[in-house]
Amino acid sequence: MASYEIGISGIHAAQKALNVIGNNLANAATEGYHKQEIDLRPAEDALSNGQMVGQGVEFSGIRRRLDTFLESEMIRYNSTLSMVSRKLDAMRIVESGMGELSQTSISKSLDNYYASIHNLSMRPQDVNYQTSVLSSAETLTNQIRNLASVVNSLQDSMYTEAESIVNQINQLASHIASMNQEIFTLLVRGQECNNLMDQRDLLIGQLGKLVDVRTQQREYGVVDVSISDMPLVIGSNTSTIQLGMVENQGHLDLGIGAGGSETFETNIRGGNLGAITNLRNHALQEFMSSLDRLALTLISETNKLHVQGIGSEGSFTSLSGWTMNESAIADFVPPVTSGTIYVRVIDPSGAATRHAVTVDASSTLASVAADLAAIPGLEDATGLNSGRLQIVANTGYQF
């Protein structure tokens with residue numbers, strides 16, 4: 001090769017390098033684009049005048065500047081960031097429902113309720129204090145109901161959102177598999193496909209925001225993708241996933257499984273889907289359990305206080321309970337503690353007698369009603385009426 005041809009090879013190489021640099025500058029703000037660089041190699045030496053002499057430079061191709069480890073870490077941390085952000089959004093909704101920074105918060109209503117009971121205990125005959133107890137109790141129960149409604153609505157909406165995310169995952173998997181096939185075909189033919197690989201990796205990044213992904217590099221630029229230890233993309237083939245429910249200690253957990261499978265994984269990591277399943281299966285379930293415990297404790301403690309009192313007019317002539325759907329005492333909510341009910345009956349002459357009714361886990365509402373109806377002075381009308389326990393004194397009697 002003549003000397004000027006060696007120089008020209010350098011000019012051609014420099015021109016290609018300038019084209020690559022210009023392309024890098026033009027795509028500096030393009031999402032998913034990876035910097036490219038020209039691959040130059042010295043041409044093979046040739047024998048000239050008895051010596052091996054270099055023959056200039058050869059253009060070998062254009063390659064992406066890509067750190068595979070760094071890319072996988074970015075996908076993983078973006079997945080974690082998406083999960084944390086989605087959890088934060090949901091917790092803000094719950095926090096807003098609690099209204100703790102306002103004058104109508106549950107804690108403020110609890111304080112008002114306790115204060116009203118204390119005030120009533122000082123002046124039990126004062127109608128204003130009686131009304132205050134009823135009003136504060138009604139406000140508190142309404143707030144607890146409203147908060148439970150907010151959380152239940154949030155859980156219901158999460159199922160719909162999870163369905164949408166699963167559909168997006170399946171669509172992205174299909175696109176990634178198609179691009180794997182295109183990339184494989186082009187590289188086998190010796191053609192460049194850097195931009196196509198960037199687009200494919202961008203889709204993998206989008207997938208990582210939905211759920212935690214793991215990638216495996218294969219020959220000719222092909223990338224396999226798996227989520228939650230389930231293969232999603234293998235070369236140009238995809239495995240669809242579906243949403244399902246799993247029974248877990250009395251409630252249904254949200255999970256995903258392979259299409260057509262009856263087995264579902266509920267411990268999903270990363271991304272919006274991981275956040276939704278964790279919230280619905282754990283955080284919100286635990287919150288609702290705590291709210292239930294609060295309500296049951298309030299009911300039980302209030303009943304303990306209430307049962308110790310008598311009417312403002314003295315002994316009763318009749319009492320009526322609320323409608324009970326359960327017939328077995330053991331099924332009542334709040335739970336009934338085994339023990340003894342004592343009933344003091346005053347006859348028309350003013351003489352009082354004390355009677356005991358035993359209640360245990362084997363008792364039913366009907367059996368308790370029958371035991372009460374057997375007490376002299378209560379036997380005429382005491383019993384069950386459409387699931388409501390009624391204690392009624394005979395004419396001239398009180399209890």
# chains A, B, ... in the order shown; residues from 1 in each chain; ligands from 1

call {"tool": "residues_around", "arguments": {"residues": "Thr263 (chain A)", "least_positions_apart": "5", "cutoff": "9 Å", "atoms": "only C-alpha atoms", "output": "PyMOL selection string"}}
result
chain A and resi 244+246+255-258

call {"tool": "write_last_selection", "arguments": {"atoms": "C-alpha atoms", "output": "PDB file, in the first residue's frame"}}
result
ATOM      1  CA  GLY A 244     -54.180 -14.726  41.754  1.00  0.00           C
ATOM      2  CA  VAL A 246     -53.976 -17.246  48.058  1.00  0.00           C
ATOM      3  CA  GLY A 255     -49.810 -13.064  44.289  1.00  0.00           C
ATOM      4  CA  ILE A 256     -48.576 -13.779  40.774  1.00  0.00           C
ATOM      5  CA  GLY A 257     -47.959 -17.040  38.965  1.00  0.00           C
ATOM      6  CA  ALA A 258     -47.184 -18.413  35.529  1.00  0.00           C
TER       7      ALA A 258
END

call {"tool": "select_by_dssp", "arguments": {"residues": "region 21-266 of chain A", "states": "helix (DSSP H, G or I)", "output": "PyMOL selection string"}}
result
chain A and resi 21-26+68-98+106-122+127-188+194-210+219-221

call {"tool": "atom_distance", "arguments": {"atom1": "CA of Lys35 (chain A)", "atom2": "CA of Arg64 (chain A)"}}
result
5.9 Å

call {"tool": "residues_around", "arguments": {"residues": "His355 (chain A)", "least_positions_apart": "3", "cutoff": "9 Å", "atoms": "only C-alpha atoms", "output": "PDB file with N, CA and C atoms, in the first residue's frame"}}
result
ATOM      1  N   ILE A 341     -73.409 -14.361  85.499  1.00  0.00           N
ATOM      2  CA  ILE A 341     -74.251 -13.169  85.506  1.00  0.00           C
ATOM      3  C   ILE A 341     -75.107 -13.225  86.768  1.00  0.00           C
ATOM      4  N   TYR A 342     -75.100 -12.154  87.545  1.00  0.00           N
ATOM      5  CA  TYR A 342     -75.934 -12.089  88.749  1.00  0.00           C
ATOM      6  C   TYR A 342     -77.100 -11.134  88.500  1.00  0.00           C
ATOM      7  N   VAL A 343     -78.295 -11.604  88.782  1.00  0.00           N
ATOM      8  CA  VAL A 343     -79.507 -10.818  88.585  1.00  0.00           C
ATOM      9  C   VAL A 343     -80.210 -10.673  89.933  1.00  0.00           C
ATOM     10  N   ARG A 344     -80.479  -9.433  90.310  1.00  0.00           N
ATOM     11  CA  ARG A 344     -81.165  -9.148  91.585  1.00  0.00           C
ATOM     12  C   ARG A 344     -82.606  -8.753  91.258  1.00  0.00           C
ATOM     13  N   VAL A 345     -83.545  -9.509  91.760  1.00  0.00           N
ATOM     14  CA  VAL A 345     -84.965  -9.305  91.453  1.00  0.00           C
ATOM     15  C   VAL A 345     -85.676  -8.785  92.707  1.00  0.00           C
ATOM     16  N   ILE A 375     -85.811 -17.475  86.003  1.00  0.00           N
ATOM     17  CA  ILE A 375     -85.707 -16.749  87.276  1.00  0.00           C
ATOM     18  C   ILE A 375     -87.097 -16.255  87.683  1.00  0.00           C
TER      19      ILE A 375
END

call {"tool": "residues_around", "arguments": {"residues": "region 173-181 of chain A", "least_positions_apart": "2", "cutoff": "12 Å", "atoms": "only C-alpha atoms", "output": "ChimeraX atom specification"}}
result
/A:166-171,183-188,193-208,210,213,215,217-227,231-241

call {"tool": "residues_around", "arguments": {"residues": "Trp322 (chain A)", "least_positions_apart": "2", "cutoff": "9 Å", "atoms": "only C-alpha atoms", "output": "PyMOL selection string"}}
result
chain A and resi 320+324+387-389

call {"tool": "write_last_selection", "arguments": {"atoms": "C-alpha atoms", "output": "PDB file, in the first residue's frame"}}
result
ATOM      1  CA  SER A 320     -83.329  -5.317  75.231  1.00  0.00           C
ATOM      2  CA  MET A 324     -77.069 -11.138  67.210  1.00  0.00           C
ATOM      3  CA  GLY A 387     -82.263 -12.690  67.648  1.00  0.00           C
ATOM      4  CA  ARG A 388     -82.554  -9.994  70.334  1.00  0.00           C
ATOM      5  CA  LEU A 389     -82.262 -10.969  73.994  1.00  0.00           C
TER       6      LEU A 389
END

call {"tool": "atom_distance", "arguments": {"atom1": "CA of Leu273 (chain A)", "atom2": "CA of Val84 (chain A)"}}
result
11.1 Å

call {"tool": "closest_residue", "arguments": {"among": "A:Ala295, A:Ile93, A:Leu384, A:Ala28", "to": "Thr323 (chain A)", "atoms": "only C-alpha atoms"}}
result
A:Leu384

call {"tool": "closest_residue", "arguments": {"among": "A:Ser312, A:Ser318, A:Ser261, A:Ser290", "to": "Gln130 (chain A)", "atoms": "only C-alpha atoms"}}
result
A:Ser312

call {"tool": "atom_distance", "arguments": {"atom1": "CA of Asn23 (chain A)", "atom2": "CA of Arg65 (chain A)"}}
result
13.5 Å

call {"tool": "residues_around", "arguments": {"residues": "Val368 (chain A)", "least_positions_apart": "2", "cutoff": "10 Å", "atoms": "only C-alpha atoms", "output": "PDB file with N, CA, C and O atoms, in the first residue's frame"}}
result
ATOM      1  N   ILE A 329     -72.199 -18.605  72.023  1.00  0.00           N
ATOM      2  CA  ILE A 329     -71.488 -17.573  72.777  1.00  0.00           C
ATOM      3  C   ILE A 329     -70.030 -17.480  72.336  1.00  0.00           C
ATOM      4  O   ILE A 329     -69.452 -16.394  72.260  1.00  0.00           O
ATOM      5  N   ILE A 341     -73.409 -14.361  85.499  1.00  0.00           N
ATOM      6  CA  ILE A 341     -74.251 -13.169  85.506  1.00  0.00           C
ATOM      7  C   ILE A 341     -75.107 -13.225  86.768  1.00  0.00           C
ATOM      8  O   ILE A 341     -75.765 -14.239  87.036  1.00  0.00           O
ATOM      9  N   VAL A 357     -76.592 -16.887  86.865  1.00  0.00           N
ATOM     10  CA  VAL A 357     -76.683 -17.580  85.575  1.00  0.00           C
ATOM     11  C   VAL A 357     -75.261 -17.810  85.089  1.00  0.00           C
ATOM     12  O   VAL A 357     -74.496 -16.860  84.895  1.00  0.00           O
ATOM     13  N   THR A 358     -74.903 -19.074  84.914  1.00  0.00           N
ATOM     14  CA  THR A 358     -73.536 -19.424  84.490  1.00  0.00           C
ATOM     15  C   THR A 358     -73.422 -19.400  82.972  1.00  0.00           C
ATOM     16  O   THR A 358     -74.288 -19.916  82.256  1.00  0.00           O
ATOM     17  N   VAL A 359     -72.332 -18.793  82.484  1.00  0.00           N
ATOM     18  CA  VAL A 359     -72.064 -18.705  81.047  1.00  0.00           C
ATOM     19  C   VAL A 359     -70.683 -19.283  80.780  1.00  0.00           C
ATOM     20  O   VAL A 359     -69.713 -18.952  81.467  1.00  0.00           O
ATOM     21  N   ASP A 360     -70.576 -20.175  79.790  1.00  0.00           N
ATOM     22  CA  ASP A 360     -69.268 -20.704  79.387  1.00  0.00           C
ATOM     23  C   ASP A 360     -69.235 -20.869  77.874  1.00  0.00           C
ATOM     24  O   ASP A 360     -70.171 -20.485  77.167  1.00  0.00           O
ATOM     25  N   SER A 363     -72.195 -22.370  76.010  1.00  0.00           N
ATOM     26  CA  SER A 363     -73.494 -21.701  76.085  1.00  0.00           C
ATOM     27  C   SER A 363     -73.886 -21.129  74.722  1.00  0.00           C
ATOM     28  O   SER A 363     -73.046 -20.818  73.881  1.00  0.00           O
ATOM     29  N   THR A 364     -75.200 -21.000  74.551  1.00  0.00           N
ATOM     30  CA  THR A 364     -75.730 -20.319  73.375  1.00  0.00           C
ATOM     31  C   THR A 364     -76.608 -19.178  73.844  1.00  0.00           C
ATOM     32  O   THR A 364     -76.984 -19.103  75.027  1.00  0.00           O
ATOM     33  N   LEU A 365     -76.939 -18.284  72.912  1.00  0.00           N
ATOM     34  CA  LEU A 365     -77.816 -17.181  73.265  1.00  0.00           C
ATOM     35  C   LEU A 365     -79.168 -17.702  73.751  1.00  0.00           C
ATOM     36  O   LEU A 365     -79.761 -17.177  74.699  1.00  0.00           O
ATOM     37  N   ALA A 366     -79.637 -18.780  73.142  1.00  0.00           N
ATOM     38  CA  ALA A 366     -80.920 -19.369  73.541  1.00  0.00           C
ATOM     39  C   ALA A 366     -80.844 -19.964  74.939  1.00  0.00           C
ATOM     40  O   ALA A 366     -81.788 -19.850  75.736  1.00  0.00           O
ATOM     41  N   ALA A 370     -82.967 -18.842  78.177  1.00  0.00           N
ATOM     42  CA  ALA A 370     -83.790 -19.798  78.926  1.00  0.00           C
ATOM     43  C   ALA A 370     -83.468 -19.753  80.419  1.00  0.00           C
ATOM     44  O   ALA A 370     -84.377 -19.820  81.268  1.00  0.00           O
ATOM     45  N   ASP A 371     -82.164 -19.622  80.762  1.00  0.00           N
ATOM     46  CA  ASP A 371     -81.770 -19.541  82.171  1.00  0.00           C
ATOM     47  C   ASP A 371     -82.315 -18.275  82.820  1.00  0.00           C
ATOM     48  O   ASP A 371     -82.755 -18.286  83.984  1.00  0.00           O
ATOM     49  N   LEU A 372     -82.310 -17.165  82.077  1.00  0.00           N
ATOM     50  CA  LEU A 372     -82.848 -15.918  82.615  1.00  0.00           C
ATOM     51  C   LEU A 372     -84.363 -16.000  82.774  1.00  0.00           C
ATOM     52  O   LEU A 372     -84.932 -15.501  83.765  1.00  0.00           O
ATOM     53  N   ALA A 373     -85.019 -16.643  81.803  1.00  0.00           N
ATOM     54  CA  ALA A 373     -86.486 -16.768  81.854  1.00  0.00           C
ATOM     55  C   ALA A 373     -86.941 -17.678  82.985  1.00  0.00           C
ATOM     56  O   ALA A 373     -88.119 -17.638  83.378  1.00  0.00           O
ATOM     57  N   ALA A 374     -86.007 -18.481  83.504  1.00  0.00           N
ATOM     58  CA  ALA A 374     -86.362 -19.392  84.609  1.00  0.00           C
ATOM     59  C   ALA A 374     -86.305 -18.704  85.963  1.00  0.00           C
ATOM     60  O   ALA A 374     -86.709 -19.294  86.979  1.00  0.00           O
ATOM     61  N   GLY A 383     -86.829 -13.649  77.056  1.00  0.00           N
ATOM     62  CA  GLY A 383     -86.448 -14.649  76.053  1.00  0.00           C
ATOM     63  C   GLY A 383     -85.863 -13.992  74.825  1.00  0.00           C
ATOM     64  O   GLY A 383     -85.403 -12.833  74.855  1.00  0.00           O
ATOM     65  N   LEU A 384     -85.852 -14.728  73.694  1.00  0.00           N
ATOM     66  CA  LEU A 384     -85.315 -14.237  72.426  1.00  0.00           C
ATOM     67  C   LEU A 384     -86.449 -13.755  71.547  1.00  0.00           C
ATOM     68  O   LEU A 384     -87.495 -14.394  71.444  1.00  0.00           O
ATOM     69  N   LEU A 389     -81.993 -10.510  72.639  1.00  0.00           N
ATOM     70  CA  LEU A 389     -82.262 -10.969  73.994  1.00  0.00           C
ATOM     71  C   LEU A 389     -83.030  -9.878  74.740  1.00  0.00           C
ATOM     72  O   LEU A 389     -82.592  -8.730  74.797  1.00  0.00           O
TER      73      LEU A 389
END

call {"tool": "residues_around", "arguments": {"residues": "Phe399 (chain A)", "least_positions_apart": "6", "cutoff": "12 Å", "atoms": "only C-alpha atoms", "output": "list in words"}}
result
Ile310, Gly311, Gly314, Ser315, Phe316, Thr317, Ser318, Leu319, Tyr342, Val343, Arg344, Val345, Ile346, Asp347, Pro348, Gly350, Ala351, Ala352, Thr353, Arg354, His355, Leu372, Ile375, Pro376, Gly377, Leu378, Ile391, Val392 and Ala393 of chain A

call {"tool": "write_last_selection", "arguments": {"atoms": "C-alpha atoms", "output": "PDB file, in the first residue's frame"}}
result
ATOM      1  CA  ILE A 310     -78.365   1.176  86.723  1.00  0.00           C
ATOM      2  CA  GLY A 311     -80.964   3.422  85.169  1.00  0.00           C
ATOM      3  CA  GLY A 314     -83.447   2.831  89.727  1.00  0.00           C
ATOM      4  CA  SER A 315     -83.951  -0.845  88.935  1.00  0.00           C
ATOM      5  CA  PHE A 316     -85.115  -1.959  85.495  1.00  0.00           C
ATOM      6  CA  THR A 317     -88.422  -3.326  84.336  1.00  0.00           C
ATOM      7  CA  SER A 318     -87.111  -4.274  80.876  1.00  0.00           C
ATOM      8  CA  LEU A 319     -83.865  -4.431  78.880  1.00  0.00           C
ATOM      9  CA  TYR A 342     -75.934 -12.089  88.749  1.00  0.00           C
ATOM     10  CA  VAL A 343     -79.507 -10.818  88.585  1.00  0.00           C
ATOM     11  CA  ARG A 344     -81.165  -9.148  91.585  1.00  0.00           C
ATOM     12  CA  VAL A 345     -84.965  -9.305  91.453  1.00  0.00           C
ATOM     13  CA  ILE A 346     -87.223  -7.121  93.622  1.00  0.00           C
ATOM     14  CA  ASP A 347     -90.789  -8.388  94.143  1.00  0.00           C
ATOM     15  CA  PRO A 348     -93.866  -6.137  94.683  1.00  0.00           C
ATOM     16  CA  GLY A 350     -89.768  -4.822  98.074  1.00  0.00           C
ATOM     17  CA  ALA A 351     -88.013  -8.084  98.978  1.00  0.00           C
ATOM     18  CA  ALA A 352     -84.906  -8.781  96.868  1.00  0.00           C
ATOM     19  CA  THR A 353     -83.448 -12.118  95.787  1.00  0.00           C
ATOM     20  CA  ARG A 354     -80.158 -12.716  93.992  1.00  0.00           C
ATOM     21  CA  HIS A 355     -79.866 -15.284  91.196  1.00  0.00           C
ATOM     22  CA  LEU A 372     -82.848 -15.918  82.615  1.00  0.00           C
ATOM     23  CA  ILE A 375     -85.707 -16.749  87.276  1.00  0.00           C
ATOM     24  CA  PRO A 376     -88.832 -16.049  89.346  1.00  0.00           C
ATOM     25  CA  GLY A 377     -90.214 -12.631  88.493  1.00  0.00           C
ATOM     26  CA  LEU A 378     -88.760 -12.676  84.936  1.00  0.00           C
ATOM     27  CA  ILE A 391     -85.244  -9.349  79.848  1.00  0.00           C
ATOM     28  CA  VAL A 392     -88.680  -8.248  81.040  1.00  0.00           C
ATOM     29  CA  ALA A 393     -89.883  -8.156  84.642  1.00  0.00           C
TER      30      ALA A 393
END
